$ cat my_file_21.cif   # mmCIF, C-alpha atoms and all ligand atoms
data_input
#
loop_
_atom_site.group_PDB
_atom_site.id
_atom_site.type_symbol
_atom_site.label_atom_id
_atom_site.label_comp_id
_atom_site.auth_asym_id
_atom_site.auth_seq_id
_atom_site.Cartn_x
_atom_site.Cartn_y
_atom_site.Cartn_z
ATOM 1 C CA MET A 1 -1.344 -25.114 12.869
ATOM 2 C CA THR A 2 -3.866 -22.570 14.119
ATOM 3 C CA ASN A 3 -2.785 -19.037 13.499
ATOM 4 C CA GLN A 4 -2.099 -17.233 16.779
ATOM 5 C CA VAL A 5 -3.087 -13.578 16.884
ATOM 6 C CA TYR A 6 -1.790 -11.139 19.470
ATOM 7 C CA ILE A 7 -4.582 -9.023 20.894
ATOM 8 C CA ASP A 8 -4.663 -6.982 24.072
ATOM 9 C CA GLY A 9 -1.579 -8.604 25.528
ATOM 10 C CA SER A 10 -2.246 -12.269 24.764
ATOM 11 C CA LEU A 11 -1.872 -14.703 21.905
ATOM 12 C CA VAL A 12 -5.169 -16.335 20.989
ATOM 13 C CA PRO A 13 -6.266 -18.611 18.122
ATOM 14 C CA SER A 14 -7.308 -16.419 15.170
ATOM 15 C CA GLU A 15 -10.981 -17.499 15.407
ATOM 16 C CA GLU A 16 -11.085 -16.072 18.924
ATOM 17 C CA ALA A 17 -9.396 -12.763 18.119
ATOM 18 C CA SER A 18 -12.082 -10.088 17.876
ATOM 19 C CA VAL A 19 -12.757 -6.421 18.568
ATOM 20 C CA SER A 20 -15.912 -4.654 19.699
ATOM 21 C CA VAL A 21 -18.383 -3.315 17.133
ATOM 22 C CA PHE A 22 -18.066 -0.049 19.095
ATOM 23 C CA ASP A 23 -14.333 0.182 18.404
ATOM 24 C CA HIS A 24 -13.660 3.491 16.673
ATOM 25 C CA GLY A 25 -11.151 1.729 14.466
ATOM 26 C CA LEU A 26 -14.131 -0.007 12.882
ATOM 27 C CA LEU A 27 -16.649 2.825 13.202
ATOM 28 C CA TYR A 28 -14.424 5.640 11.905
ATOM 29 C CA GLY A 29 -11.140 4.177 10.664
ATOM 30 C CA ASP A 30 -9.686 5.777 13.787
ATOM 31 C CA GLY A 31 -6.392 3.994 14.395
ATOM 32 C CA VAL A 32 -2.977 3.317 12.874
ATOM 33 C CA PHE A 33 -1.137 0.356 11.405
ATOM 34 C CA GLU A 34 2.068 -1.018 9.917
ATOM 35 C CA GLY A 35 2.890 -3.796 7.467
ATOM 36 C CA ILE A 36 6.259 -5.441 8.133
ATOM 37 C CA ARG A 37 8.215 -8.208 6.397
ATOM 38 C CA VAL A 38 9.883 -11.214 7.961
ATOM 39 C CA TYR A 39 12.876 -12.610 6.071
ATOM 40 C CA GLY A 40 14.527 -15.792 7.304
ATOM 41 C CA GLY A 41 12.871 -15.389 10.709
ATOM 42 C CA ASN A 42 14.150 -11.808 11.109
ATOM 43 C CA VAL A 43 11.668 -8.950 11.254
ATOM 44 C CA PHE A 44 13.010 -6.468 8.691
ATOM 45 C CA LEU A 45 13.309 -2.813 9.832
ATOM 46 C CA LEU A 46 11.270 -3.579 12.943
ATOM 47 C CA ALA A 47 12.508 -0.601 14.967
ATOM 48 C CA GLU A 48 11.811 1.729 12.025
ATOM 49 C CA HIS A 49 8.275 0.378 11.578
ATOM 50 C CA VAL A 50 7.588 0.713 15.300
ATOM 51 C CA ASP A 51 8.904 4.304 15.189
ATOM 52 C CA ARG A 52 6.601 5.137 12.281
ATOM 53 C CA LEU A 53 3.655 3.521 14.114
ATOM 54 C CA TYR A 54 4.283 5.695 17.172
ATOM 55 C CA GLN A 55 4.659 8.783 14.963
ATOM 56 C CA SER A 56 1.325 8.048 13.251
ATOM 57 C CA ALA A 57 -0.252 7.537 16.692
ATOM 58 C CA GLN A 58 1.258 10.784 17.969
ATOM 59 C CA ALA A 59 -0.187 12.665 14.995
ATOM 60 C CA ILE A 60 -3.702 11.431 15.724
ATOM 61 C CA ARG A 61 -3.313 11.761 19.515
ATOM 62 C CA LEU A 62 -3.602 8.044 20.096
ATOM 63 C CA GLU A 63 -1.810 6.731 23.142
ATOM 64 C CA ILE A 64 -0.443 3.239 22.529
ATOM 65 C CA PRO A 65 -0.696 1.189 25.725
ATOM 66 C CA LEU A 66 2.779 -0.370 25.239
ATOM 67 C CA ASP A 67 6.165 1.265 25.013
ATOM 68 C CA ARG A 68 8.306 0.723 21.915
ATOM 69 C CA GLN A 69 10.371 -2.073 23.429
ATOM 70 C CA GLN A 70 7.240 -3.898 24.591
ATOM 71 C CA MET A 71 5.816 -3.524 21.082
ATOM 72 C CA ILE A 72 9.027 -4.891 19.531
ATOM 73 C CA ASP A 73 8.935 -7.837 21.955
ATOM 74 C CA ALA A 74 5.254 -8.506 21.220
ATOM 75 C CA VAL A 75 5.961 -8.629 17.467
ATOM 76 C CA GLY A 76 8.841 -11.069 18.036
ATOM 77 C CA GLU A 77 6.677 -13.245 20.239
ATOM 78 C CA THR A 78 3.875 -13.362 17.646
ATOM 79 C CA VAL A 79 6.265 -14.208 14.811
ATOM 80 C CA ARG A 80 7.817 -17.026 16.836
ATOM 81 C CA ALA A 81 4.428 -18.383 17.976
ATOM 82 C CA ASN A 82 3.398 -18.720 14.337
ATOM 83 C CA GLN A 83 6.770 -20.106 13.246
ATOM 84 C CA ILE A 84 6.943 -17.541 10.481
ATOM 85 C CA ASP A 85 10.167 -17.782 8.517
ATOM 86 C CA ASP A 86 9.277 -15.681 5.493
ATOM 87 C CA GLY A 87 6.114 -13.718 5.956
ATOM 88 C CA TYR A 88 4.326 -10.550 6.832
ATOM 89 C CA VAL A 89 3.289 -8.895 10.080
ATOM 90 C CA ARG A 90 0.295 -6.593 10.357
ATOM 91 C CA LEU A 91 0.476 -4.365 13.397
ATOM 92 C CA VAL A 92 -2.739 -2.489 14.229
ATOM 93 C CA VAL A 93 -3.661 -0.099 17.005
ATOM 94 C CA THR A 94 -7.291 0.965 17.166
ATOM 95 C CA ARG A 95 -8.704 3.900 19.122
ATOM 96 C CA GLY A 96 -10.632 1.429 21.278
ATOM 97 C CA SER A 97 -14.356 1.261 21.909
ATOM 98 C CA GLY A 98 -16.562 4.086 22.981
ATOM 99 C CA THR A 99 -19.967 5.610 22.482
ATOM 100 C CA LEU A 100 -21.063 6.582 18.980
ATOM 101 C CA GLY A 101 -19.644 9.955 17.972
ATOM 102 C CA LEU A 102 -16.217 11.190 16.973
ATOM 103 C CA ASP A 103 -15.027 12.498 20.314
ATOM 104 C CA ILE A 104 -11.822 10.626 21.189
ATOM 105 C CA ARG A 105 -12.411 11.427 24.868
ATOM 106 C CA LYS A 106 -15.391 9.059 24.777
ATOM 107 C CA THR A 107 -13.216 6.064 23.904
ATOM 108 C CA ALA A 108 -11.096 3.892 26.153
ATOM 109 C CA ASN A 109 -8.536 1.120 25.876
ATOM 110 C CA PRO A 110 -6.864 1.237 22.462
ATOM 111 C CA VAL A 111 -6.509 -2.306 21.126
ATOM 112 C CA VAL A 112 -3.133 -3.607 19.912
ATOM 113 C CA ILE A 113 -3.422 -6.383 17.324
ATOM 114 C CA ILE A 114 -0.515 -8.272 15.758
ATOM 115 C CA ILE A 115 -1.141 -10.720 12.923
ATOM 116 C CA ALA A 116 1.736 -12.775 11.513
ATOM 117 C CA ASP A 117 1.002 -14.522 8.255
ATOM 118 C CA THR A 118 2.386 -15.381 4.855
ATOM 119 C CA ILE A 119 2.055 -12.971 1.964
ATOM 120 C CA THR A 120 1.043 -13.009 -1.683
ATOM 121 C CA LEU A 121 3.244 -10.844 -3.834
ATOM 122 C CA TYR A 122 2.591 -9.583 -7.305
ATOM 123 C CA PRO A 123 2.863 -12.425 -9.829
ATOM 124 C CA ALA A 124 6.469 -13.550 -10.435
ATOM 125 C CA GLU A 125 6.073 -12.657 -14.101
ATOM 126 C CA LEU A 126 5.814 -8.945 -13.159
ATOM 127 C CA TYR A 127 9.115 -9.087 -11.249
ATOM 128 C CA GLU A 128 10.683 -10.584 -14.360
ATOM 129 C CA ASN A 129 9.180 -8.293 -16.989
ATOM 130 C CA GLY A 130 8.020 -5.209 -15.079
ATOM 131 C CA MET A 131 4.499 -3.926 -14.586
ATOM 132 C CA PRO A 132 2.358 -1.482 -16.517
ATOM 133 C CA LEU A 133 0.753 1.362 -14.537
ATOM 134 C CA VAL A 134 -2.195 3.649 -15.067
ATOM 135 C CA THR A 135 -2.912 7.013 -13.426
ATOM 136 C CA ALA A 136 -5.996 7.078 -11.208
ATOM 137 C CA SER A 137 -8.309 10.095 -11.354
ATOM 138 C CA THR A 138 -8.676 9.953 -7.569
ATOM 139 C CA ILE A 139 -6.001 12.278 -6.162
ATOM 140 C CA ARG A 140 -4.000 11.445 -3.047
ATOM 141 C CA ASN A 141 -5.354 12.927 0.190
ATOM 142 C CA HIS A 142 -4.529 16.621 0.539
ATOM 143 C CA PRO A 143 -1.883 16.773 3.301
ATOM 144 C CA GLY A 144 -3.928 19.545 4.911
ATOM 145 C CA ALA A 145 -6.914 17.181 5.169
ATOM 146 C CA LEU A 146 -5.361 13.864 6.114
ATOM 147 C CA ASN A 147 -1.589 13.796 5.844
ATOM 148 C CA PRO A 148 -0.480 10.696 3.873
ATOM 149 C CA ARG A 149 2.465 10.442 6.278
ATOM 150 C CA ILE A 150 -0.028 9.106 8.840
ATOM 151 C CA LYS A 151 -0.500 5.389 8.187
ATOM 152 C CA SER A 152 -4.077 5.389 9.440
ATOM 153 C CA LEU A 153 -6.747 2.713 9.341
ATOM 154 C CA ASN A 154 -8.659 4.891 6.882
ATOM 155 C CA TYR A 155 -7.334 3.669 3.541
ATOM 156 C CA LEU A 156 -10.346 4.588 1.413
ATOM 157 C CA ASN A 157 -8.384 7.172 -0.559
ATOM 158 C CA ASN A 158 -6.024 4.439 -1.736
ATOM 159 C CA ILE A 159 -8.804 1.888 -2.160
ATOM 160 C CA LEU A 160 -10.734 4.219 -4.485
ATOM 161 C CA ALA A 161 -7.649 4.636 -6.658
ATOM 162 C CA LYS A 162 -6.966 0.879 -6.532
ATOM 163 C CA ILE A 163 -10.511 0.195 -7.770
ATOM 164 C CA GLU A 164 -9.835 2.420 -10.769
ATOM 165 C CA GLY A 165 -6.615 0.541 -11.447
ATOM 166 C CA THR A 166 -8.109 -2.936 -11.189
ATOM 167 C CA ASP A 167 -11.176 -1.909 -13.260
ATOM 168 C CA ALA A 168 -8.758 -0.836 -15.975
ATOM 169 C CA GLY A 169 -6.865 -4.156 -15.720
ATOM 170 C CA PHE A 170 -3.798 -2.949 -13.778
ATOM 171 C CA VAL A 171 -2.412 -4.282 -10.494
ATOM 172 C CA GLU A 172 -1.247 -0.857 -9.272
ATOM 173 C CA ALA A 173 -2.283 2.725 -10.026
ATOM 174 C CA LEU A 174 -0.359 5.997 -9.847
ATOM 175 C CA MET A 175 -1.817 8.752 -7.681
ATOM 176 C CA LEU A 176 -1.186 12.475 -8.200
ATOM 177 C CA ASN A 177 -1.420 15.094 -5.467
ATOM 178 C CA HIS A 178 -3.701 18.145 -5.336
ATOM 179 C CA LYS A 179 -1.124 20.111 -7.365
ATOM 180 C CA GLY A 180 -1.046 17.535 -10.140
ATOM 181 C CA GLU A 181 2.392 16.266 -9.122
ATOM 182 C CA VAL A 182 3.245 12.601 -8.831
ATOM 183 C CA ALA A 183 2.634 11.413 -5.274
ATOM 184 C CA GLU A 184 2.843 7.625 -5.064
ATOM 185 C CA CYS A 185 0.967 4.459 -5.960
ATOM 186 C CA THR A 186 -1.875 3.060 -3.850
ATOM 187 C CA GLY A 187 0.523 1.019 -1.698
ATOM 188 C CA ASP A 188 3.984 1.734 -3.102
ATOM 189 C CA ASN A 189 6.395 4.652 -3.592
ATOM 190 C CA VAL A 190 7.654 5.546 -7.049
ATOM 191 C CA PHE A 191 11.124 6.223 -8.459
ATOM 192 C CA ILE A 192 12.431 7.182 -11.890
ATOM 193 C CA ILE A 193 15.919 7.088 -13.388
ATOM 194 C CA THR A 194 17.323 9.206 -16.207
ATOM 195 C CA ASP A 195 21.012 9.389 -17.181
ATOM 196 C CA GLY A 196 22.032 7.671 -13.950
ATOM 197 C CA LEU A 197 20.087 10.146 -11.768
ATOM 198 C CA VAL A 198 17.560 8.510 -9.439
ATOM 199 C CA ARG A 199 14.569 10.686 -8.516
ATOM 200 C CA THR A 200 11.611 10.185 -6.186
ATOM 201 C CA PRO A 201 8.972 12.576 -4.841
ATOM 202 C CA PRO A 202 9.744 14.210 -1.465
ATOM 203 C CA THR A 203 7.427 13.832 1.541
ATOM 204 C CA GLU A 204 6.110 17.339 0.770
ATOM 205 C CA SER A 205 4.513 15.914 -2.363
ATOM 206 C CA GLY A 206 2.034 14.195 -0.020
ATOM 207 C CA ILE A 207 3.266 10.621 0.324
ATOM 208 C CA LEU A 208 3.742 7.983 2.941
ATOM 209 C CA GLU A 209 7.464 8.068 3.649
ATOM 210 C CA GLY A 210 8.020 4.428 2.786
ATOM 211 C CA LEU A 211 10.641 2.509 4.726
ATOM 212 C CA THR A 212 11.486 0.490 1.622
ATOM 213 C CA ARG A 213 11.857 3.826 -0.191
ATOM 214 C CA ASN A 214 14.298 5.061 2.451
ATOM 215 C CA SER A 215 16.188 1.809 2.403
ATOM 216 C CA VAL A 216 16.492 1.887 -1.413
ATOM 217 C CA ILE A 217 17.637 5.526 -1.328
ATOM 218 C CA SER A 218 20.468 4.478 1.022
ATOM 219 C CA LEU A 219 21.346 1.444 -1.101
ATOM 220 C CA ALA A 220 21.417 3.568 -4.261
ATOM 221 C CA ARG A 221 23.662 6.190 -2.658
ATOM 222 C CA GLU A 222 26.012 3.503 -1.331
ATOM 223 C CA ALA A 223 26.178 2.096 -4.847
ATOM 224 C CA GLY A 224 27.283 5.524 -6.095
ATOM 225 C CA TYR A 225 24.090 6.684 -7.795
ATOM 226 C CA GLU A 226 22.934 10.255 -7.285
ATOM 227 C CA VAL A 227 19.490 10.303 -5.653
ATOM 228 C CA ARG A 228 17.278 13.371 -5.537
ATOM 229 C CA GLU A 229 14.011 13.766 -3.656
ATOM 230 C CA THR A 230 12.248 16.185 -5.932
ATOM 231 C CA ALA A 231 8.731 16.978 -7.146
ATOM 232 C CA LEU A 232 7.855 15.059 -10.321
ATOM 233 C CA VAL A 233 5.061 15.307 -12.881
ATOM 234 C CA ARG A 234 3.779 12.531 -15.128
ATOM 235 C CA HIS A 235 5.824 13.878 -18.041
ATOM 236 C CA ASP A 236 8.960 13.004 -16.054
ATOM 237 C CA ILE A 237 7.779 9.392 -15.818
ATOM 238 C CA TYR A 238 6.662 9.216 -19.459
ATOM 239 C CA THR A 239 10.124 10.351 -20.554
ATOM 240 C CA ALA A 240 12.233 8.532 -17.935
ATOM 241 C CA GLN A 241 14.602 5.736 -18.962
ATOM 242 C CA GLU A 242 13.601 3.578 -15.989
ATOM 243 C CA CYS A 243 10.910 3.489 -13.335
ATOM 244 C CA PHE A 244 10.304 1.279 -10.314
ATOM 245 C CA LEU A 245 8.142 1.004 -7.217
ATOM 246 C CA THR A 246 9.091 0.184 -3.622
ATOM 247 C CA GLY A 247 7.006 -1.158 -0.754
ATOM 248 C CA THR A 248 7.121 -3.618 2.092
ATOM 249 C CA ALA A 249 4.983 -6.128 0.224
ATOM 250 C CA ALA A 250 6.141 -5.242 -3.308
ATOM 251 C CA GLU A 251 9.859 -4.874 -2.392
ATOM 252 C CA VAL A 252 11.381 -3.369 -5.579
ATOM 253 C CA ILE A 253 9.551 -3.882 -8.872
ATOM 254 C CA ALA A 254 10.105 -2.327 -12.287
ATOM 255 C CA VAL A 255 7.447 -0.279 -14.082
ATOM 256 C CA VAL A 256 7.546 -0.533 -17.861
ATOM 257 C CA SER A 257 4.708 1.745 -18.933
ATOM 258 C CA LEU A 258 2.428 4.483 -17.628
ATOM 259 C CA ASP A 259 -0.890 5.334 -19.268
ATOM 260 C CA GLY A 260 0.156 3.420 -22.382
ATOM 261 C CA ARG A 261 3.491 5.278 -22.723
ATOM 262 C CA THR A 262 6.376 2.832 -22.782
ATOM 263 C CA ILE A 263 9.127 3.746 -20.306
ATOM 264 C CA GLY A 264 12.661 3.280 -21.661
ATOM 265 C CA ASN A 265 12.778 0.209 -23.853
ATOM 266 C CA GLY A 266 9.794 -1.392 -22.127
ATOM 267 C CA SER A 267 11.716 -3.806 -19.921
ATOM 268 C CA PRO A 268 13.298 -3.472 -16.441
ATOM 269 C CA GLY A 269 16.300 -1.150 -16.797
ATOM 270 C CA PRO A 270 19.876 -1.908 -15.677
ATOM 271 C CA ILE A 271 19.914 0.376 -12.602
ATOM 272 C CA THR A 272 16.507 -0.920 -11.512
ATOM 273 C CA GLN A 273 17.818 -4.477 -11.814
ATOM 274 C CA ASP A 274 20.933 -3.539 -9.876
ATOM 275 C CA LEU A 275 18.832 -2.026 -7.061
ATOM 276 C CA MET A 276 16.496 -5.034 -7.070
ATOM 277 C CA ALA A 277 19.525 -7.303 -6.603
ATOM 278 C CA ARG A 278 20.996 -5.095 -3.859
ATOM 279 C CA PHE A 279 17.672 -5.047 -2.015
ATOM 280 C CA ARG A 280 17.382 -8.827 -2.311
ATOM 281 C CA GLN A 281 20.884 -9.180 -0.890
ATOM 282 C CA LEU A 282 20.095 -6.811 1.992
ATOM 283 C CA THR A 283 16.934 -8.660 2.967
ATOM 284 C CA ARG A 284 18.113 -12.235 2.325
ATOM 285 C CA GLU A 285 21.515 -12.074 3.977
HETATM 286 N N1 LIG B 301 2.648 4.302 0.076
HETATM 287 C C1 LIG B 301 1.547 3.805 0.638
HETATM 288 C C2 LIG B 301 0.274 4.523 0.454
HETATM 289 C C3 LIG B 301 1.602 2.609 1.383
HETATM 290 O O1 LIG B 301 0.514 2.114 1.955
HETATM 291 C C4 LIG B 301 2.842 1.958 1.513
HETATM 292 C C5 LIG B 301 2.955 0.703 2.343
HETATM 293 N N2 LIG B 301 2.258 -0.384 1.775
HETATM 294 C C6 LIG B 301 3.964 2.495 0.878
HETATM 295 C C7 LIG B 301 3.830 3.673 0.185
HETATM 296 C C8 LIG B 301 5.302 1.841 0.980
HETATM 297 O O2 LIG B 301 5.787 2.000 2.287
HETATM 298 P P1 LIG B 301 6.750 0.913 2.955
HETATM 299 O O3 LIG B 301 7.934 0.812 2.096
HETATM 300 O O4 LIG B 301 7.061 1.466 4.296
HETATM 301 O O5 LIG B 301 5.967 -0.341 2.997
#
$ encode --input "my_file_21.cif" --output "structure tokens" --more "lines below"
Ligand code: PMP
Amino acid sequence: MTNQVYIDGSLVPSEEASVSVFDHGLLYGDGVFEGIRVYGGNVFLLAEHVDRLYQSAQAIRLEIPLDRQQMIDAVGETVRANQIDDGYVRLVVTRGSGTLGLDIRKTANPVVIIIADTITLYPAELYENGMPLVTASTIRNHPGALNPRIKSLNYLNNILAKIEGTDAGFVEALMLNHKGEVAECTGDNVFIITDGLVRTPPTESGILEGLTRNSVISLAREAGYEVRETALVRHDIYTAQECFLTGTAAEVIAVVSLDGRTIGNGSPGPITQDLMARFRQLTRE
């Protein structure tokens, strides 16, 4: 079946879905996006993703030409049109096309694009055995320059760190902030566990406030674990008993080493496995 893409209010075959070369989303990375999972035909945390999209848009003074309910309906319509049962939705809003130059007043008609597709996860073996990580030398965007809380179309900061990771033979890389603290990975948030205490960097450390992160924090608290959002340095990860990442695409995945330092006993820890199981239950039931 041809993939149907939502663009500017209609569903069109993917080959026919296109934007102008003068769109500032293309010219300057001027726009916002979300990545959302579909589990068993249900769009997971849809309202939360739509809220974050509108917050990102608000921060860059982008007016989305749909209200939140219309956006939610459009996502549902696109998922159904593509008969996606388990998959991934990419929601994009560009600044729209305009003359060359940065001035947002010279653009018109932001474009809303919704793509519903399947998704490739990390290899199954990494979910079983955990993944090794390496620290990238590229630091996360300074929040005073481009706040990582804005999920913007300009992902070069993360891409540069990802290149370092893949060059070194890793599937993910850890990014530090301008103060040398742990921020997050290129597309995932990071958690550590020591003596039953679950810790993750706060938004002030310069991270995207991941919705999977927030969901796992709630699950962990419900399960009776203490969770603290607190600044971390690499030493905390090197010496932690467990470490894991969260993300829409990644879900929950264990980390078993950082920069060649084995974390815990080098295999997914018991609390990580418990949280992985709880997250699976939440999303699959
Ligand atoms: N950090 C970054 C930089 C991301 O791009 C993402 C999303 N892929 C995340 C963290 C995880 O956020 P979420 O759980 O909302 O997908």
$ atom_distance --input "my_file_21.cif" --atom1 "atom CA of A:Glu204" --atom2 "atom CA of A:Leu62"
23.5 Å
$ closest_atom_pairs --input "my_file_21.cif" --of "chain A" --to "ligand LIG 301 (chain B)" --cutoff "10 Å" --atoms "all atoms listed in the file" --output "Markdown table"
| residue | atom | partner | partner_atom | distance |
| --- | --- | --- | --- | --- |
| A:Phe33 | CA | B:LIG301 | O1 | 9.8 |
| A:Glu34 | CA | B:LIG301 | C5 | 7.8 |
| A:Gly35 | CA | B:LIG301 | O5 | 6.4 |
| A:Ile36 | CA | B:LIG301 | O5 | 7.2 |
| A:Arg37 | CA | B:LIG301 | O5 | 8.9 |
| A:Leu45 | CA | B:LIG301 | O4 | 9.4 |
| A:Glu48 | CA | B:LIG301 | O4 | 9.1 |
| A:His49 | CA | B:LIG301 | O4 | 7.5 |
| A:Arg52 | CA | B:LIG301 | O4 | 8.8 |
| A:Arg140 | CA | B:LIG301 | C2 | 8.9 |
| A:Pro148 | CA | B:LIG301 | C2 | 7.1 |
| A:Arg149 | CA | B:LIG301 | C2 | 8.6 |
| A:Ile150 | CA | B:LIG301 | C2 | 9.6 |
| A:Lys151 | CA | B:LIG301 | O1 | 7.1 |
| A:Ser152 | CA | B:LIG301 | O1 | 9.4 |
| A:Tyr155 | CA | B:LIG301 | O1 | 8.2 |
| A:Asn157 | CA | B:LIG301 | C2 | 9.1 |
| A:Asn158 | CA | B:LIG301 | C2 | 6.7 |
| A:Ile159 | CA | B:LIG301 | C2 | 9.8 |
| A:Met175 | CA | B:LIG301 | C2 | 9.4 |
| A:Ala183 | CA | B:LIG301 | N1 | 8.9 |
| A:Glu184 | CA | B:LIG301 | N1 | 6.1 |
| A:Cys185 | CA | B:LIG301 | N1 | 6.3 |
| A:Thr186 | CA | B:LIG301 | C2 | 5.0 |
| A:Gly187 | CA | B:LIG301 | C3 | 3.6 |
| A:Asp188 | CA | B:LIG301 | C7 | 3.8 |
| A:Asn189 | CA | B:LIG301 | C7 | 4.7 |
| A:Val190 | CA | B:LIG301 | C7 | 8.4 |
| A:Gly206 | CA | B:LIG301 | C2 | 9.8 |
| A:Ile207 | CA | B:LIG301 | N1 | 6.4 |
| A:Leu208 | CA | B:LIG301 | N1 | 4.8 |
| A:Glu209 | CA | B:LIG301 | O2 | 6.4 |
| A:Gly210 | CA | B:LIG301 | O2 | 3.3 |
| A:Leu211 | CA | B:LIG301 | O4 | 3.8 |
| A:Thr212 | CA | B:LIG301 | O3 | 3.6 |
| A:Arg213 | CA | B:LIG301 | O3 | 5.5 |
| A:Asn214 | CA | B:LIG301 | O3 | 7.7 |
| A:Ser215 | CA | B:LIG301 | O3 | 8.3 |
| A:Val216 | CA | B:LIG301 | O3 | 9.3 |
| A:Leu245 | CA | B:LIG301 | C8 | 8.7 |
| A:Thr246 | CA | B:LIG301 | O3 | 5.9 |
| A:Gly247 | CA | B:LIG301 | O3 | 3.6 |
| A:Thr248 | CA | B:LIG301 | O5 | 3.6 |
| A:Ala249 | CA | B:LIG301 | O5 | 6.5 |
| A:Ala250 | CA | B:LIG301 | O5 | 8.0 |
| A:Glu251 | CA | B:LIG301 | O3 | 7.5 |
| A:Val252 | CA | B:LIG301 | O3 | 9.4 |
$ residues_around --input "my_file_21.cif" --residues "A:Gly25" --least-positions-apart "5" --cutoff "10 Å" --atoms "all atoms listed in the file" --output "PyMOL selection string"
chain A and resi 19-20+30-32+92-97+110-111+152-154
$ residues_near_point --input "my_file_21.cif" --point "(0.7, 0.3, -18.7)" --cutoff "6 Å" --atoms "all atoms listed in the file" --output "list in words"
Pro132, Leu133, Val134, Ser257, Leu258, Asp259 and Gly260 of chain A
$ residues_around --input "my_file_21.cif" --residues "stretch 222-235 of chain A" --least-positions-apart "5" --cutoff "6 Å" --atoms "all atoms listed in the file" --output "NGL selection string"
:A and (181-182 or 197-202)
$ write_last_selection --input "my_file_21.cif" --atoms "C-alpha atoms" --output "PDB file, keeping the file's coordinate frame"
ATOM      1  CA  GLU A 181       2.392  16.266  -9.122  1.00  0.00           C
ATOM      2  CA  VAL A 182       3.245  12.601  -8.831  1.00  0.00           C
ATOM      3  CA  LEU A 197      20.087  10.146 -11.768  1.00  0.00           C
ATOM      4  CA  VAL A 198      17.560   8.510  -9.439  1.00  0.00           C
ATOM      5  CA  ARG A 199      14.569  10.686  -8.516  1.00  0.00           C
ATOM      6  CA  THR A 200      11.611  10.185  -6.186  1.00  0.00           C
ATOM      7  CA  PRO A 201       8.972  12.576  -4.841  1.00  0.00           C
ATOM      8  CA  PRO A 202       9.744  14.210  -1.465  1.00  0.00           C
TER       9      PRO A 202
END
$ resolve_selection --input "my_file_21.cif" --expression "the PyMOL selection byres (((chain A and resi 282) around 12) and not hetatm)" --output "PDB file with C-alpha atoms, keeping the file's coordinate frame"
ATOM      1  CA  TYR A  39      12.876 -12.610   6.071  1.00  0.00           C
ATOM      2  CA  GLY A  40      14.527 -15.792   7.304  1.00  0.00           C
ATOM      3  CA  ASN A  42      14.150 -11.808  11.109  1.00  0.00           C
ATOM      4  CA  PHE A  44      13.010  -6.468   8.691  1.00  0.00           C
ATOM      5  CA  LEU A  45      13.309  -2.813   9.832  1.00  0.00           C
ATOM      6  CA  THR A 212      11.486   0.490   1.622  1.00  0.00           C
ATOM      7  CA  SER A 215      16.188   1.809   2.403  1.00  0.00           C
ATOM      8  CA  VAL A 216      16.492   1.887  -1.413  1.00  0.00           C
ATOM      9  CA  SER A 218      20.468   4.478   1.022  1.00  0.00           C
ATOM     10  CA  LEU A 219      21.346   1.444  -1.101  1.00  0.00           C
ATOM     11  CA  GLU A 251       9.859  -4.874  -2.392  1.00  0.00           C
ATOM     12  CA  LEU A 275      18.832  -2.026  -7.061  1.00  0.00           C
ATOM     13  CA  MET A 276      16.496  -5.034  -7.070  1.00  0.00           C
ATOM     14  CA  ALA A 277      19.525  -7.303  -6.603  1.00  0.00           C
ATOM     15  CA  ARG A 278      20.996  -5.095  -3.859  1.00  0.00           C
ATOM     16  CA  PHE A 279      17.672  -5.047  -2.015  1.00  0.00           C
ATOM     17  CA  ARG A 280      17.382  -8.827  -2.311  1.00  0.00           C
ATOM     18  CA  GLN A 281      20.884  -9.180  -0.890  1.00  0.00           C
ATOM     19  CA  THR A 283      16.934  -8.660   2.967  1.00  0.00           C
ATOM     20  CA  ARG A 284      18.113 -12.235   2.325  1.00  0.00           C
ATOM     21  CA  GLU A 285      21.515 -12.074   3.977  1.00  0.00           C
TER      22      GLU A 285
END
$ residues_around --input "my_file_21.cif" --residues "A:Val50" --least-positions-apart "4" --cutoff "9 Å" --atoms "only C-alpha atoms" --output "list in words"
Glu34, Leu45, Leu46, Tyr54, Gln55, Arg68, Met71, Ile72 and Leu91 of chain A
$ resolve_selection --input "my_file_21.cif" --expression "the PyMOL selection byres (((chain A and resi 76) around 10) and not hetatm)" --output "list in words"
Gly41, Asn42, Val43, Leu46, Gln70, Met71, Ile72, Asp73, Ala74, Val75, Glu77, Thr78, Val79, Arg80, Ala81, Val89 and Ala116 of chain A
$ atom_distance --input "my_file_21.cif" --atom1 "atom CA of A:Thr194" --atom2 "atom CA of A:Arg261"
15.8 Å
$ resolve_selection --input "my_file_21.cif" --expression "the PyMOL selection byres (((chain A and resi 137) around 10) and not hetatm)" --output "list in words"
Val134, Thr135, Ala136, Thr138, Ile139, Arg140, Leu160, Ala161, Glu164, Gly165, Ala173, Leu174, Met175 and Leu176 of chain A
$ closest_residue --input "my_file_21.cif" --among "A:Ile217, A:Val255, A:Ala240, A:Ile193" --to "A:Ile271" --atoms "only C-alpha atoms"
A:Ile193
$ closest_residue --input "my_file_21.cif" --among "A:Ala254, A:Ile115, A:Cys243, A:Ile104" --to "A:Tyr28" --atoms "all atoms listed in the file"
A:Ile104
$ atom_distance --input "my_file_21.cif" --atom1 "atom CA of A:Thr120" --atom2 "atom CA of A:Asp167"
20.2 Å
$ axis_aligned_box --input "my_file_21.cif" --around "stretch 86-101 of chain A" --padding-each-side "4 Å" --output "JSON"
{"center_x": -5.9, "center_y": -2.9, "center_z": 14.2, "size_x": 38.3, "size_y": 33.6, "size_z": 25.5}
$ closest_residue --input "my_file_21.cif" --among "A:Asp67, A:Ile113, A:Tyr238, A:Val38" --to "A:Ser18" --atoms "all atoms listed in the file"
A:Ile113
